[in-house]
>>> print(open('upload-v8.txt').read())   # compact mmCIF, C-alpha atoms
# COMPACT_ATOMS: atom_id res chain seq x y z
CA MET A 1 77.62 -16.46 71.65
CA ALA A 2 80.07 -18.74 73.38
CA THR A 3 79.90 -18.65 77.16
CA ILE A 4 82.38 -19.18 79.93
CA VAL A 5 80.40 -21.39 82.29
CA GLY A 6 83.00 -22.29 84.88
CA GLY A 7 86.53 -21.93 86.11
CA PHE A 8 89.04 -23.81 88.19
CA VAL A 9 92.52 -23.44 89.63
CA VAL A 10 94.52 -26.61 90.08
CA PRO A 11 98.13 -27.77 90.44
CA HIS A 12 100.07 -29.62 87.75
CA ASN A 13 102.63 -31.42 89.84
CA PRO A 14 104.76 -33.99 87.95
CA VAL A 15 106.28 -35.24 91.21
CA MET A 16 103.04 -36.99 92.08
CA TYR A 17 103.72 -39.22 89.09
CA PHE A 18 107.46 -39.67 89.55
CA ASN A 19 107.27 -40.15 93.32
CA PRO A 20 103.72 -41.21 94.16
CA LYS A 21 104.74 -42.36 97.63
CA GLY A 22 106.03 -38.90 98.49
CA ALA A 23 102.57 -38.13 99.80
CA SER A 24 100.66 -40.06 102.42
CA ALA A 25 97.90 -42.32 101.15
CA GLU A 26 95.35 -39.89 102.60
CA GLN A 27 96.89 -36.86 100.91
CA SER A 28 97.24 -38.65 97.60
CA ALA A 29 93.62 -39.77 97.74
CA ALA A 30 92.49 -36.22 98.54
CA VAL A 31 94.40 -34.82 95.57
CA TYR A 32 93.08 -37.33 93.06
CA ALA A 33 89.56 -36.95 94.49
CA ALA A 34 89.79 -33.20 93.94
CA TYR A 35 90.73 -33.68 90.30
CA ALA A 36 87.90 -36.20 89.90
CA ARG A 37 85.42 -33.82 91.53
CA MET A 38 86.45 -31.09 89.10
CA ALA A 39 86.11 -33.43 86.14
CA GLU A 40 82.61 -34.18 87.39
CA ARG A 41 81.82 -30.47 87.75
CA ILE A 42 82.94 -29.90 84.16
CA ARG A 43 80.51 -32.63 83.12
CA GLU A 44 77.73 -31.03 85.20
CA LEU A 45 78.46 -27.69 83.53
CA ARG A 46 78.05 -29.37 80.11
CA ALA A 47 81.25 -27.81 78.91
CA ASP A 48 82.31 -28.32 75.32
CA THR A 49 85.81 -26.96 75.58
CA ALA A 50 88.44 -25.96 78.12
CA ILE A 51 90.94 -23.13 77.97
CA ILE A 52 93.83 -24.50 79.99
CA ILE A 53 96.24 -21.80 81.16
CA GLY A 54 99.64 -23.24 81.93
CA CYS A 55 103.25 -22.13 81.90
CA ASP A 56 106.51 -23.31 80.42
CA HIS A 57 109.25 -24.77 82.63
CA TYR A 58 112.15 -24.23 80.19
CA ILE A 59 110.89 -27.33 78.42
CA LEU A 60 109.04 -25.90 75.43
CA PHE A 61 110.70 -22.57 74.76
CA GLY A 62 114.45 -22.16 74.82
CA THR A 63 116.94 -19.33 74.98
CA GLU A 64 116.39 -18.54 71.30
CA ALA A 65 112.96 -17.06 72.04
CA LEU A 66 110.97 -16.81 75.25
CA PRO A 67 107.42 -15.69 74.47
CA PRO A 68 105.40 -13.89 77.18
CA TYR A 69 102.12 -15.57 76.24
CA VAL A 70 101.17 -18.18 73.69
CA ILE A 71 97.89 -19.67 72.50
CA SER A 72 97.17 -22.78 70.44
CA THR A 73 95.54 -22.09 67.09
CA GLY A 74 95.97 -25.54 65.56
CA GLU A 75 96.86 -29.01 66.72
CA ILE A 76 98.08 -29.68 70.27
CA GLU A 77 100.37 -32.49 71.35
CA GLY A 78 101.83 -33.41 74.69
CA PRO A 79 102.99 -33.56 77.28
CA VAL A 80 106.44 -33.53 75.72
CA ASP A 81 107.84 -34.33 79.17
CA GLN A 82 106.09 -37.68 79.40
CA LEU A 83 105.05 -38.92 82.81
CA PRO A 84 104.36 -42.42 84.09
CA GLY A 85 100.80 -42.95 82.93
CA ILE A 86 100.62 -39.83 80.76
CA LYS A 87 102.23 -40.46 77.42
CA ARG A 88 102.84 -37.86 74.75
CA ALA A 89 99.86 -37.89 72.43
CA PRO A 90 97.56 -35.62 70.41
CA ILE A 91 95.21 -33.54 72.55
CA ALA A 92 91.83 -32.76 71.00
CA SER A 93 92.15 -29.11 70.09
CA ASN A 94 89.64 -26.33 69.60
CA ALA A 95 91.74 -24.60 66.98
CA ALA A 96 88.93 -22.30 65.89
CA LEU A 97 88.42 -20.83 69.34
CA GLY A 98 92.14 -20.35 69.85
CA ALA A 99 92.42 -18.64 66.48
CA HIS A 100 89.43 -16.44 67.28
CA ILE A 101 90.95 -15.32 70.59
CA ALA A 102 94.27 -14.59 68.87
CA ALA A 103 92.53 -12.62 66.13
CA VAL A 104 90.55 -10.56 68.62
CA GLY A 105 93.74 -9.96 70.54
CA ARG A 106 95.49 -8.53 67.51
CA GLN A 107 92.72 -5.93 67.30
CA THR A 108 92.65 -5.13 71.00
CA GLY A 109 96.27 -4.95 72.07
CA PHE A 110 97.20 -8.57 72.74
CA ASP A 111 99.80 -9.72 70.24
CA TRP A 112 99.67 -13.43 70.92
CA THR A 113 102.43 -15.74 69.91
CA VAL A 114 100.50 -18.58 68.30
CA GLY A 115 101.16 -22.29 68.34
CA ARG A 116 99.93 -23.71 65.04
CA ALA A 117 101.05 -27.23 65.88
CA MET A 118 101.73 -26.65 69.52
CA GLN A 119 103.55 -28.85 71.92
CA VAL A 120 102.68 -28.53 75.58
CA ASP A 121 104.27 -29.69 78.79
CA HIS A 122 102.82 -31.15 81.99
CA SER A 123 101.20 -27.86 82.96
CA ILE A 124 98.62 -28.56 80.26
CA GLY A 125 99.03 -32.33 80.13
CA ILE A 126 98.15 -33.11 83.75
CA PRO A 127 94.91 -31.11 84.04
CA HIS A 128 93.93 -32.32 80.59
CA HIS A 129 94.52 -35.92 81.59
CA LEU A 130 92.66 -35.71 84.89
CA MET A 131 89.88 -33.22 84.15
CA ILE A 132 89.19 -33.02 80.41
CA LYS A 133 90.01 -36.44 79.02
CA PRO A 134 87.40 -38.11 81.30
CA ASN A 135 84.76 -35.96 79.57
CA ALA A 136 84.45 -37.56 76.14
CA GLY A 137 84.21 -35.19 73.22
CA MET A 138 85.69 -32.15 74.93
CA THR A 139 88.31 -30.06 73.20
CA SER A 140 90.96 -27.75 74.58
CA VAL A 141 92.75 -24.48 73.92
CA ALA A 142 96.24 -24.28 75.39
CA VAL A 143 97.54 -21.00 76.78
CA MET A 144 101.07 -20.69 78.12
CA LEU A 145 102.13 -17.74 80.27
CA ALA A 146 105.74 -16.93 81.11
CA CYS A 147 105.72 -18.04 84.75
CA GLY A 148 108.70 -20.35 84.98
CA VAL A 149 111.41 -18.48 83.12
CA ASP A 150 112.22 -14.82 83.45
CA PRO A 151 111.34 -12.28 82.25
CA TYR A 152 108.11 -13.22 83.95
CA LEU A 153 104.81 -12.01 82.60
CA PRO A 154 103.69 -9.21 84.93
CA MET A 155 100.77 -10.23 87.15
CA ALA A 156 98.74 -7.29 85.86
CA ARG A 157 99.27 -8.46 82.30
CA ALA A 158 98.12 -11.96 83.23
CA TRP A 159 94.96 -10.37 84.58
CA GLN A 160 94.45 -8.32 81.43
CA ILE A 161 94.89 -11.42 79.29
CA GLY A 162 92.17 -13.13 81.32
CA GLU A 163 89.81 -10.23 80.73
CA HIS A 164 90.69 -10.31 77.04
CA ILE A 165 89.97 -14.05 76.88
CA ALA A 166 86.56 -13.46 78.48
CA ALA A 167 85.69 -10.75 75.97
CA ALA A 168 86.96 -12.78 73.03
CA VAL A 169 84.97 -15.87 74.04
CA GLU A 170 81.82 -13.75 74.34
CA SER A 171 82.39 -12.44 70.81
CA ASP A 172 82.70 -15.93 69.37
CA GLY A 173 79.80 -16.74 67.10
CA THR A 174 79.22 -20.26 68.36
CA ASP A 175 77.09 -21.46 71.27
CA GLN A 176 79.81 -23.52 72.88
CA ARG A 177 80.23 -23.73 76.63
CA VAL A 178 83.73 -23.02 77.90
CA VAL A 179 85.56 -23.61 81.16
CA VAL A 180 88.87 -21.99 82.04
CA ILE A 181 91.53 -23.71 84.12
CA GLY A 182 94.40 -21.89 85.81
CA SER A 183 97.10 -24.53 86.11
CA GLY A 184 99.86 -24.01 88.68
CA GLY A 185 101.17 -24.97 92.06
CA ILE A 186 101.09 -22.56 94.95
CA SER A 187 104.19 -22.68 97.17
CA HIS A 188 107.01 -24.69 95.68
CA HIS A 189 110.69 -24.22 95.06
CA VAL A 190 111.98 -25.86 91.90
CA GLY A 191 115.60 -26.88 91.72
CA ASN A 192 116.95 -24.53 94.36
CA GLU A 193 118.20 -25.07 97.89
CA ARG A 194 114.72 -24.58 99.34
CA MET A 195 113.14 -27.35 97.30
CA GLY A 196 110.77 -29.27 99.57
CA GLU A 197 109.69 -26.24 101.59
CA VAL A 198 105.96 -25.64 101.53
CA ASN A 199 104.30 -22.57 103.05
CA PRO A 200 100.66 -23.22 104.03
CA THR A 201 100.25 -19.65 105.26
CA PHE A 202 101.11 -18.27 101.83
CA ASP A 203 99.06 -20.97 100.13
CA ARG A 204 95.96 -20.13 102.16
CA LYS A 205 96.49 -16.44 101.48
CA VAL A 206 96.48 -17.14 97.74
CA LEU A 207 93.43 -19.39 97.94
CA GLY A 208 91.68 -16.69 99.94
CA ILE A 209 92.41 -14.15 97.24
CA VAL A 210 91.13 -16.53 94.59
CA THR A 211 87.92 -17.45 96.39
CA ARG A 212 87.15 -13.83 97.29
CA GLY A 213 87.73 -12.79 93.69
CA ASP A 214 90.04 -10.16 95.10
CA ARG A 215 91.63 -8.47 92.11
CA GLU A 216 93.43 -5.82 94.14
CA ALA A 217 95.01 -8.34 96.49
CA MET A 218 96.15 -10.53 93.61
CA LEU A 219 97.73 -7.61 91.80
CA ALA A 220 99.33 -6.44 95.05
CA LEU A 221 101.38 -9.64 95.28
CA THR A 222 104.87 -8.61 94.27
CA ASP A 223 107.35 -10.93 92.62
CA GLU A 224 109.61 -10.45 95.64
CA GLU A 225 106.89 -11.64 98.04
CA ILE A 226 105.95 -14.56 95.84
CA LEU A 227 109.57 -15.69 95.45
CA GLN A 228 110.31 -15.31 99.16
CA GLU A 229 107.10 -16.77 100.58
CA GLY A 230 106.07 -19.15 97.84
CA GLY A 231 109.21 -19.85 95.84
CA ASN A 232 110.06 -19.69 92.16
CA GLY A 233 107.38 -22.26 91.37
CA ALA A 234 104.72 -20.06 92.92
CA MET A 235 105.18 -17.57 90.11
CA GLU A 236 102.71 -19.91 88.43
CA ILE A 237 99.85 -18.24 90.28
CA ARG A 238 99.78 -15.85 87.36
CA THR A 239 97.66 -18.57 85.77
CA TYR A 240 95.21 -18.18 88.67
CA ALA A 241 95.05 -14.43 88.05
CA CYS A 242 94.32 -15.06 84.39
CA ALA A 243 91.58 -17.58 85.20
CA MET A 244 90.08 -15.27 87.82
CA ALA A 245 89.89 -12.44 85.31
CA ALA A 246 88.45 -14.72 82.64
CA THR A 247 85.58 -15.56 85.01
CA ARG A 248 85.20 -11.88 85.94
CA ALA A 249 86.56 -12.44 89.45
CA ALA A 250 83.32 -13.61 90.97
CA GLY A 251 84.96 -15.59 93.76
CA GLY A 252 84.66 -19.28 94.36
CA GLU A 253 85.33 -22.01 96.85
CA VAL A 254 88.24 -24.18 97.86
CA VAL A 255 87.74 -27.78 96.82
CA ALA A 256 90.86 -29.15 98.49
CA TYR A 257 94.19 -28.06 99.87
CA GLU A 258 97.09 -30.33 100.75
CA PRO A 259 100.56 -29.09 101.69
CA ILE A 260 102.73 -32.00 100.57
CA GLU A 261 106.44 -31.64 101.27
CA GLY A 262 107.17 -34.99 99.62
CA TRP A 263 105.63 -33.61 96.47
CA VAL A 264 107.43 -30.30 97.10
CA THR A 265 104.23 -28.31 96.61
CA GLY A 266 101.28 -26.66 98.25
CA MET A 267 98.50 -28.31 96.26
CA GLY A 268 95.42 -26.08 96.11
CA PHE A 269 92.19 -26.65 94.22
CA ALA A 270 89.36 -24.14 93.85
CA GLU A 271 86.30 -23.78 91.69
CA LEU A 272 85.62 -20.30 90.38
CA LYS A 273 82.19 -18.81 90.06
CA VAL A 274 81.39 -16.93 86.88
CA ALA A 275 79.96 -13.45 87.06
CA ALA A 276 76.54 -13.14 85.46
CA MET B 1 130.60 -14.72 81.20
CA SER B 2 127.19 -15.54 79.88
CA ARG B 3 124.23 -16.82 81.80
CA ASN B 4 122.50 -16.94 78.43
CA SER B 5 124.82 -19.43 76.78
CA LEU B 6 124.99 -21.50 79.94
CA GLU B 7 121.21 -21.75 79.89
CA LYS B 8 121.31 -22.65 76.21
CA VAL B 9 123.66 -25.56 76.89
CA LEU B 10 121.51 -26.90 79.69
CA TYR B 11 118.30 -26.41 77.70
CA ASP B 12 119.78 -28.23 74.72
CA LEU B 13 120.85 -31.09 76.96
CA SER B 14 117.45 -31.34 78.60
CA THR B 15 115.52 -31.46 75.33
CA SER B 16 117.62 -33.64 73.03
CA GLY B 17 118.69 -37.21 73.46
CA ALA B 18 121.31 -36.79 70.73
CA ASN B 19 122.85 -33.89 72.67
CA LYS B 20 122.89 -35.95 75.85
CA LYS B 21 124.72 -38.76 74.08
CA LEU B 22 127.32 -36.45 72.58
CA PHE B 23 127.88 -34.65 75.87
CA ALA B 24 128.28 -37.96 77.69
CA SER B 25 130.74 -39.32 75.14
CA ASP B 26 132.78 -36.19 74.39
CA PRO B 27 131.87 -33.24 76.60
CA ASP B 28 134.65 -30.99 75.33
CA LYS B 29 133.58 -31.45 71.72
CA PHE B 30 129.95 -30.83 72.62
CA LEU B 31 130.72 -27.73 74.67
CA GLY B 32 132.87 -26.40 71.87
CA ARG B 33 129.70 -25.52 70.02
CA TYR B 34 128.78 -22.83 72.52
CA GLN B 35 129.97 -19.34 73.33
CA LEU B 36 131.38 -20.26 76.72
CA ASP B 37 134.71 -19.36 78.25
CA ALA B 38 136.99 -22.02 79.67
CA GLU B 39 135.73 -21.57 83.22
CA GLU B 40 132.11 -21.93 82.15
CA LYS B 41 132.87 -25.10 80.23
CA VAL B 42 134.37 -26.62 83.35
CA LEU B 43 131.27 -25.74 85.38
CA VAL B 44 129.08 -27.61 82.92
CA ARG B 45 131.46 -30.52 82.31
CA ASP B 46 131.81 -31.11 86.07
CA TYR B 47 128.11 -30.65 86.93
CA ARG B 48 128.87 -27.77 89.30
CA VAL B 49 125.23 -26.89 89.64
CA ARG B 50 125.59 -24.64 92.66
CA GLU B 51 128.01 -22.39 90.85
CA LEU B 52 125.85 -22.41 87.75
CA ALA B 53 122.87 -21.30 89.83
CA ASP B 54 125.04 -18.64 91.51
CA ARG B 55 125.68 -17.24 88.03
CA GLY B 56 121.96 -16.83 87.52
CA VAL B 57 121.19 -19.99 85.61
CA ASN B 58 117.54 -20.96 86.07
CA THR B 59 117.35 -23.76 88.65
CA MET B 60 114.73 -25.61 86.64
CA LEU B 61 117.57 -26.19 84.20
CA THR B 62 120.25 -27.04 86.75
CA TRP B 63 117.95 -29.59 88.38
CA GLY B 64 117.00 -31.17 85.07
CA PHE B 65 120.64 -31.18 83.98
CA TRP B 66 121.59 -33.11 87.11
CA LEU B 67 118.77 -35.61 86.88
CA GLN B 68 119.22 -36.31 83.17
CA ALA B 69 122.68 -37.64 84.02
CA GLY B 70 121.14 -40.16 86.40
CA LYS B 71 122.60 -38.48 89.45
CA PRO B 72 120.77 -38.78 92.80
CA ASN B 73 118.45 -35.98 93.84
CA SER B 74 119.77 -36.23 97.40
CA ASP B 75 123.26 -35.29 96.20
CA TYR B 76 121.83 -32.38 94.22
CA MET B 77 120.17 -30.99 97.32
CA LYS B 78 123.36 -31.30 99.36
CA ILE B 79 125.26 -29.36 96.73
CA MET B 80 122.60 -26.70 96.42
CA LYS B 81 122.58 -26.30 100.21
CA ARG B 82 126.37 -26.00 100.11
CA GLU B 83 126.83 -29.27 101.97
CA GLU B 84 129.19 -31.92 100.68
CA ALA B 85 127.54 -34.45 98.37
>>> encode(input="upload-v8.txt", output="C-alpha cells")
Amino acid sequence: MATIVGGFVVPHNPVMYFNPKGASAEQSAAVYAAYARMAERIRELRADTAIIIGCDHYILFGTEALPPYVISTGEIEGPVDQLPGIKRAPIASNAALGAHIAAVGRQTGFDWTVGRAMQVDHSIGIPHHLMIKPNAGMTSVAVMLACGVDPYLPMARAWQIGEHIAAAVESDGTDQRVVVIGSGGISHHVGNERMGEVNPTFDRKVLGIVTRGDREAMLALTDEEILQEGGNGAMEIRTYACAMAATRAAGGEVVAYEPIEGWVTGMGFAELKVAA
Amino acid sequence: MSRNSLEKVLYDLSTSGANKKLFASDPDKFLGRYQLDAEEKVLVRDYRVRELADRGVNTMLTWGFWLQAGKPNSDYMKIMKREEA
C-alpha cells in the first residue's frame, strides 16, 4: 500500500525570480530557507514521489476549454512560463500513480481531466524546482485545480478531491511513500488595481486554519471574503484545502511567513501532519 | 460584446510568439480573426486594459497582455488605478 507520509503548503511566486530585489535580503533569505527546509523534510520522510497541487493562471488552458481539475497520467514538462533559473524541461513523472488516481476517481465520482503529456506552469515548476529536484530520484504527479480562472473550483470540491487522492493513494498496490504539496500564494492581487496589497491578517487566518486542520473554517471561507480580503490570487488556497484533506486534516505547523509587498504576495509555508 | 472572445485574443497573444508578431505588425488583420465588434477591437489594439478589465476580462490576461508588449508595469498600475499613465 502506498502511503502519504507528509504534506506541505507553499507559495509559487514568479515575481521572486523576475524581481528578486523586490524583497529585502532578510525576507528573501527566509523564503529560500523555508523551501530548503521543506526539501530537507521531504528527504527525512524518505518520500519517493510528490503530488504537487497547483493551479492554472490562464497560461495552460485557454477559452476553448477550462477544466475544473486535471491530473498528469503521463509525461510532465514545464514550466511553460520559463523563469530566470528555471527553464522549461521534462519533470520526472510518476505516470502510474497519476493514472491510478484517475482510474479510482472514475469509479468514485471524480471525472478527472487527464494530462497524458502534460505541460505545467510555475505553480508546479517552482515547488518542483526548490523542493523535489534537490531530492534525487523523486518523481511527481501534477494536479491542477481551477483557482486562477473562473468558474473557480468550489472549495468544498477541492476538499473532496483531497480526500479522494488520499483514498486512491492508499489503494495503490505499491509501497511508495508520497508527499502532497498545496502550491499557492495567500493574499495577492494579480493584475488588478490592488496589486501589491498584502493582508497579513488574512494570511495568518489562513495559516491558522491550515495548522489547526480546521475543515469547517476552511470550507466557511467564501469566495467573496477571499477576493475582498486576500485578492484574486488568494483563490489559490483551494490547493491548501486539497492538501489538508489529502493528509486527513491533522494540523501542522507554520515554517515561515513573510508578507512581501515587493513580491505582491503573502508568502506562507506550513508543514502538514498526516493523520495515523 | 463578448468577454469570451476578448479573453481568447489576450490568451492567444500571451501564449504564441507568432501571434504576438502578427499583432505587432498588423493588429487589424490579426484582430479580424476574432468575433469582436469594432469597439472591442479598438480596446485591444490600443491596450485599454482598464476598460477590458471593466468588461470582465481576467486581469491575469490584461496584465500579461500589457507586459508582453514591453510596456512598463508602473504605467499599467496607473491605468488600472484610473490615474493617467
>>> closest_residue(input="upload-v8.txt", among="B:Tyr34, B:Phe65, B:Tyr76, B:Tyr47", to="Leu10 (chain B)", atoms="all atoms listed in the file")
B:Phe65
>>> closest_residue(input="upload-v8.txt", among="A:Ile59, A:Ala103, A:Ala246, A:Met267", to="chain B", atoms="only C-alpha atoms")
A:Ile59
>>> interface_residues(input="upload-v8.txt", of="chain A", to="chain B", cutoff="6 Å", atoms="only C-alpha atoms", output="NGL selection string")
:A and (63 or 190-193)
>>> closest_atom_pairs(input="upload-v8.txt", of="region 130-224 of chain A", to="region 26-46 of chain A", cutoff="10 Å", atoms="all atoms listed in the file", output="JSON lines")
{"residue": "A:Leu130", "atom": "CA", "partner": "A:Tyr35", "partner_atom": "CA", "distance": 6.1}
{"residue": "A:Met131", "atom": "CA", "partner": "A:Ala39", "partner_atom": "CA", "distance": 4.3}
{"residue": "A:Ile132", "atom": "CA", "partner": "A:Ala39", "partner_atom": "CA", "distance": 6.5}
{"residue": "A:Lys133", "atom": "CA", "partner": "A:Ala39", "partner_atom": "CA", "distance": 8.7}
{"residue": "A:Pro134", "atom": "CA", "partner": "A:Ala39", "partner_atom": "CA", "distance": 6.9}
{"residue": "A:Asn135", "atom": "CA", "partner": "A:Arg43", "partner_atom": "CA", "distance": 6.5}
{"residue": "A:Ala136", "atom": "CA", "partner": "A:Arg43", "partner_atom": "CA", "distance": 9.4}
{"residue": "A:Met138", "atom": "CA", "partner": "A:Arg46", "partner_atom": "CA", "distance": 9.6}
{"residue": "A:Gln176", "atom": "CA", "partner": "A:Arg46", "partner_atom": "CA", "distance": 9.5}
{"residue": "A:Arg177", "atom": "CA", "partner": "A:Arg46", "partner_atom": "CA", "distance": 7.0}
{"residue": "A:Val178", "atom": "CA", "partner": "A:Arg46", "partner_atom": "CA", "distance": 8.8}
{"residue": "A:Val179", "atom": "CA", "partner": "A:Ile42", "partner_atom": "CA", "distance": 7.4}
>>> atom_distance(input="upload-v8.txt", atom1="CA of Val210 (chain A)", atom2="CA of Ile260 (chain A)")
20.2 Å
>>> atom_distance(input="upload-v8.txt", atom1="CA of Glu229 (chain A)", atom2="CA of Arg157 (chain A)")
21.6 Å
>>> closest_residue(input="upload-v8.txt", among="A:Met244, A:Ala168, A:Ile126, A:Leu145", to="Leu83 (chain A)", atoms="only C-alpha atoms")
A:Ile126
>>> residues_near_point(input="upload-v8.txt", point="(100.1, -24.9, 89.4)", cutoff="6 Å", atoms="all atoms listed in the file", output="PyMOL selection string")
chain A and resi 10-12+183-185+236
>>> closest_residue(input="upload-v8.txt", among="A:Trp159, A:Tyr152, A:Tyr257, A:Trp263", to="His189 (chain A)", atoms="all atoms listed in the file")
A:Trp263
>>> residues_around(input="upload-v8.txt", residues="Pro27 (chain B)", least_positions_apart="6", cutoff="12 Å", atoms="all atoms listed in the file", output="compact mmCIF listing (two decimals) with C-alpha atoms, in the coordinates of the input")
# COMPACT_ATOMS: atom_id res chain seq x y z
CA VAL B 9 123.66 -25.56 76.89
CA LEU B 13 120.85 -31.09 76.96
CA ASN B 19 122.85 -33.89 72.67
CA LYS B 20 122.89 -35.95 75.85
CA LYS B 21 124.72 -38.76 74.08
CA ARG B 33 129.70 -25.52 70.02
CA TYR B 34 128.78 -22.83 72.52
CA LYS B 41 132.87 -25.10 80.23
CA VAL B 42 134.37 -26.62 83.35
CA LEU B 43 131.27 -25.74 85.38
CA VAL B 44 129.08 -27.61 82.92
CA ARG B 45 131.46 -30.52 82.31
CA ASP B 46 131.81 -31.11 86.07
CA TYR B 47 128.11 -30.65 86.93
>>> atom_distance(input="upload-v8.txt", atom1="CA of Asp150 (chain A)", atom2="CA of Glu261 (chain A)")
25.2 Å
>>> decode(input="upload-v8.txt", residues="region 39-46 of chain A", atoms="all heavy atoms", output="mmCIF file, in the first residue's frame")
data_model
loop_
_atom_site.group_PDB
_atom_site.id
_atom_site.type_symbol
_atom_site.label_atom_id
_atom_site.label_comp_id
_atom_site.auth_asym_id
_atom_site.auth_seq_id
_atom_site.Cartn_x
_atom_site.Cartn_y
_atom_site.Cartn_z
ATOM 1 N N ALA A 39 12.486 20.908 1.536
ATOM 2 C CA ALA A 39 13.184 19.889 0.739
ATOM 3 C C ALA A 39 13.882 18.898 1.661
ATOM 4 O O ALA A 39 13.876 17.680 1.418
ATOM 5 C CB ALA A 39 14.191 20.552 -0.194
ATOM 6 N N GLU A 40 14.466 19.416 2.728
ATOM 7 C CA GLU A 40 15.137 18.550 3.696
ATOM 8 C C GLU A 40 14.140 17.638 4.399
ATOM 9 O O GLU A 40 14.402 16.440 4.611
ATOM 10 C CB GLU A 40 15.879 19.415 4.724
ATOM 11 C CG GLU A 40 16.569 18.645 5.831
ATOM 12 C CD GLU A 40 17.656 17.701 5.314
ATOM 13 O OE1 GLU A 40 18.199 17.976 4.238
ATOM 14 O OE2 GLU A 40 17.921 16.681 5.992
ATOM 15 N N ARG A 41 12.971 18.186 4.749
ATOM 16 C CA ARG A 41 11.941 17.363 5.410
ATOM 17 C C ARG A 41 11.470 16.243 4.472
ATOM 18 O O ARG A 41 11.233 15.119 4.909
ATOM 19 C CB ARG A 41 10.745 18.228 5.818
ATOM 20 C CG ARG A 41 10.958 18.992 7.089
ATOM 21 C CD ARG A 41 11.057 18.040 8.288
ATOM 22 N NE ARG A 41 9.801 17.328 8.526
ATOM 23 C CZ ARG A 41 9.742 16.057 8.940
ATOM 24 N NH1 ARG A 41 10.832 15.362 9.160
ATOM 25 N NH2 ARG A 41 8.562 15.484 9.140
ATOM 26 N N ILE A 42 11.365 16.556 3.203
ATOM 27 C CA ILE A 42 10.956 15.515 2.235
ATOM 28 C C ILE A 42 12.002 14.403 2.202
ATOM 29 O O ILE A 42 11.672 13.219 2.141
ATOM 30 C CB ILE A 42 10.733 16.152 0.848
ATOM 31 C CG1 ILE A 42 9.476 17.029 0.895
ATOM 32 C CG2 ILE A 42 10.624 15.092 -0.244
ATOM 33 C CD1 ILE A 42 9.287 17.916 -0.325
ATOM 34 N N ARG A 43 13.266 14.805 2.302
ATOM 35 C CA ARG A 43 14.343 13.798 2.351
ATOM 36 C C ARG A 43 14.224 12.970 3.626
ATOM 37 O O ARG A 43 14.344 11.745 3.595
ATOM 38 C CB ARG A 43 15.703 14.515 2.265
ATOM 39 C CG ARG A 43 16.905 13.601 2.167
ATOM 40 C CD ARG A 43 18.123 14.279 1.530
ATOM 41 N NE ARG A 43 18.319 15.653 1.938
ATOM 42 C CZ ARG A 43 18.111 16.708 1.114
ATOM 43 N NH1 ARG A 43 17.697 16.525 -0.118
ATOM 44 N NH2 ARG A 43 18.335 17.938 1.545
ATOM 45 N N GLU A 44 13.983 13.655 4.760
ATOM 46 C CA GLU A 44 13.855 12.943 6.042
ATOM 47 C C GLU A 44 12.676 11.962 6.014
ATOM 48 O O GLU A 44 12.710 10.911 6.659
ATOM 49 C CB GLU A 44 13.675 13.953 7.179
ATOM 50 C CG GLU A 44 14.910 14.793 7.466
ATOM 51 C CD GLU A 44 14.635 15.951 8.417
ATOM 52 O OE1 GLU A 44 13.472 16.146 8.830
ATOM 53 O OE2 GLU A 44 15.596 16.673 8.739
ATOM 54 N N LEU A 45 11.633 12.349 5.297
ATOM 55 C CA LEU A 45 10.437 11.484 5.211
ATOM 56 C C LEU A 45 10.637 10.322 4.245
ATOM 57 O O LEU A 45 9.769 9.469 4.114
ATOM 58 C CB LEU A 45 9.222 12.324 4.768
ATOM 59 C CG LEU A 45 8.712 13.328 5.799
ATOM 60 C CD1 LEU A 45 7.778 14.355 5.137
ATOM 61 C CD2 LEU A 45 7.986 12.620 6.932
ATOM 62 N N ARG A 46 11.745 10.301 3.560
ATOM 63 C CA ARG A 46 12.100 9.250 2.580
ATOM 64 C C ARG A 46 11.003 9.096 1.527
ATOM 65 O O ARG A 46 10.589 7.992 1.174
ATOM 66 C CB ARG A 46 12.372 7.920 3.305
ATOM 67 C CG ARG A 46 13.603 7.967 4.214
ATOM 68 C CD ARG A 46 13.848 6.662 4.953
ATOM 69 N NE ARG A 46 12.854 6.430 6.005
ATOM 70 C CZ ARG A 46 11.953 5.466 5.989
ATOM 71 N NH1 ARG A 46 11.907 4.626 4.964
ATOM 72 N NH2 ARG A 46 11.091 5.322 6.969
#
